[in-house]
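Encoded as structure tokens, the structure appears first; notes follow it.
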Amino acid sequence: MKRSILQSIIPRLLKAKKQSEMAAYTNEEYYDMLMALGECQGQYHVAARRYAELYPNRARHPRPNVILAAAQRLYETGSVLPKKKDTGRHRDARTLRNVETVVRAIKQEPETSIRDITREHELSYSTVQRILKEEKLHAYHYTRVQRLRQEDYPRRKRFCEDFLRRVNEDPELPSCVIFSDESLFTRERILNSHNMHVWDAKNPRPTRLRNFQVRWKLNVWTGIMGTKILGPVILPETLNGASYMEFLTENLPDFLEEVPLINRNKSVFQQDGAGPHNARIVTNFLNQQFPRRWMGRYGPIRWPARSSDLNPLDFFLWGYCKEVIYRQLPKTIEELNDKLHHAIFSIEEEVLEKTQENLLRRMRACITMDGGHFEHLL
């Protein structure tokens, strides 16, 4: 029985394969068919025989109805080629109307998404994606920047101009500035569920455990002086003038001992305008240790407020450290501390040299923007 079924199926499969192979004719063959039809004054049965006489060596000879159909298509559509069978899906939806619709939607709402456009205008995702690509429209991410006040612009510009002027007078100045800052490292980083993914063949339903009952954090001070990193130093969780002063008198001198004397005598200490930095005991100490050589809110060199984009620790070090530390969440505060030290000590001098170059480039860009945001120029 199985053999009889196979005997009945195989001939039909071979016939279907032969028909598919013989289905299409070339443009040259269609041309010769029409020339034969014209020679035979429109008699397509005669034209089929005439075609076979003219081209006896061709692998196939068209039937009369093939020649007649080609002539009819030429008359009706201007083409002898058979019309492709409609599969039910419009293969090219990138019409002029759809292009204008997508571009108009982007101009009216630049923050819209491809999915919103597809839902609103009943277009496929791939069609909208191709239109955007052909129109050279790209999605760009926001850059977080510090909100500036009106009085900040001239102060930031003036600071950068003065700093670059001093660099022209003394090219070694950037290597003599001790840029410093504090940052808080907690048990958990901020979880951005949009940017974090788990790749798998099926959805594993990933979750991230959180433990609100047990919390710990590290308040870390670090400095950058040229190609050297000072610290890190773990500070009290809540910093005040007294505890910051304790750090300046007990920890900072140890770091300066490692700096060559010639550089130590012209070193410039930088700090931002955080509250503990402005305590009277702190400013008096800095005036004694760094006479006319420290930057701060009330220092002889005025550090402009809201200028984290000009501090190498803010625009480089903290982001780098947190990226390394939180690749796998630390389970204990000791592990967090170890990861912090490993991240900092693994930074090479070449990276810090590029950070210095980046700092000067940022200052030039700040001047170009009259003290405004300049990240788009970098």
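By order in the structure tokens, chains are A, B, ...; within a chain, residues start at 1; ligands start at 1, following the order shown.
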
Close residues, range 143-160 of chain A itself excluded, 7 Å, only C-alpha atoms, min 5 positions apart in chain, as a list in words = Pro304, Ala305, Arg306, Met363, Cys366, Ile367, Asp370, Gly371 and Gly372 of chain A

Nearby residues (only C-alpha atoms) at most 7 Å from Pro330 in chain A, same-chain spacing under 3 positions excluded, as a list of chain:residue names =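 Skipping anything fewer than 3 positions along the chain leaves A:Arg187, A:Glu335, A:Leu336.
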
message = Between CA of Gly275 in chain A and CA of Gly299 in chain A, what is the distance in Å, rounded to a tenth?
response =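 We find that CA of Gly275 in chain A and CA of Gly299 in chain A lie 13.6 Å from each other.
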
request  = Rounded to one decimal place, report the CA of Glu100 in chain A-CA of Ser124 in chain A distance in Å.
outcome  = 15.2 Å

task = Would you please extract all alpha helix (DSSP H) residues from range 133-365 of chain A, as assigned by DSSP on the backbone, and give them as a PyMOL selection string?
result = chain A and resi 133-134+152-169+173-176+241-250+252-257+261-264+280-289+312+318-325+333-345+349-365

Excluding Glu258 in chain A and any residue of its chain fewer than 4 positions from it, enumerate the residues within 12 Å of it, using only C-alpha atoms, and give them as a PDB file with N, CA and C atoms, in the first residue's frame.
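Dumped to part.pdb:
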ATOM      1  N   MET A 225      45.380  64.208  40.816  1.00  0.00           N
ATOM      2  CA  MET A 225      46.430  65.199  40.607  1.00  0.00           C
ATOM      3  C   MET A 225      47.309  64.716  39.467  1.00  0.00           C
ATOM      4  N   LYS A 228      48.058  60.926  38.913  1.00  0.00           N
ATOM      5  CA  LYS A 228      47.990  60.200  40.179  1.00  0.00           C
ATOM      6  C   LYS A 228      46.598  60.328  40.775  1.00  0.00           C
ATOM      7  N   ILE A 229      46.138  59.255  41.392  1.00  0.00           N
ATOM      8  CA  ILE A 229      44.870  59.268  42.109  1.00  0.00           C
ATOM      9  C   ILE A 229      45.168  59.242  43.593  1.00  0.00           C
ATOM     10  N   LEU A 230      44.606  60.187  44.322  1.00  0.00           N
ATOM     11  CA  LEU A 230      44.788  60.289  45.769  1.00  0.00           C
ATOM     12  C   LEU A 230      43.576  59.654  46.436  1.00  0.00           C
ATOM     13  N   GLY A 231      43.825  58.678  47.259  1.00  0.00           N
ATOM     14  CA  GLY A 231      42.717  57.992  47.910  1.00  0.00           C
ATOM     15  C   GLY A 231      42.470  56.631  47.293  1.00  0.00           C
ATOM     16  N   LEU A 252      44.941  64.092  54.056  1.00  0.00           N
ATOM     17  CA  LEU A 252      45.485  64.808  52.902  1.00  0.00           C
ATOM     18  C   LEU A 252      47.002  64.971  52.973  1.00  0.00           C
ATOM     19  N   PRO A 253      47.584  65.308  54.130  1.00  0.00           N
ATOM     20  CA  PRO A 253      49.054  65.439  54.173  1.00  0.00           C
ATOM     21  C   PRO A 253      49.792  64.159  53.776  1.00  0.00           C
ATOM     22  N   ASP A 254      49.213  62.996  54.089  1.00  0.00           N
ATOM     23  CA  ASP A 254      49.859  61.736  53.705  1.00  0.00           C
ATOM     24  C   ASP A 254      49.936  61.603  52.189  1.00  0.00           C
ATOM     25  N   ILE A 262      58.852  69.874  44.447  1.00  0.00           N
ATOM     26  CA  ILE A 262      58.741  70.977  43.496  1.00  0.00           C
ATOM     27  C   ILE A 262      57.296  71.172  43.046  1.00  0.00           C
ATOM     28  N   ASN A 263      56.544  70.073  42.946  1.00  0.00           N
ATOM     29  CA  ASN A 263      55.133  70.163  42.565  1.00  0.00           C
ATOM     30  C   ASN A 263      54.249  70.463  43.772  1.00  0.00           C
ATOM     31  N   ARG A 264      54.662  69.984  44.938  1.00  0.00           N
ATOM     32  CA  ARG A 264      53.853  70.190  46.129  1.00  0.00           C
ATOM     33  C   ARG A 264      53.765  71.670  46.488  1.00  0.00           C
TER      34      ARG A 264
END

Restrict the calculation to only C-alpha atoms, then for each residue of range 294-331 of chain A with any atom at most 7 Å from an atom of range 337-353 of chain A give the closest atom pair and their distance in Å to one decimal, rows by chain and rising residue number, as a tab-separated table.
residue	atom	partner	partner_atom	distance
A:Cys321	CA	A:Ala343	CA	5.6
A:Val324	CA	A:Ala343	CA	6.4
A:Ile325	CA	A:Lys339	CA	5.7
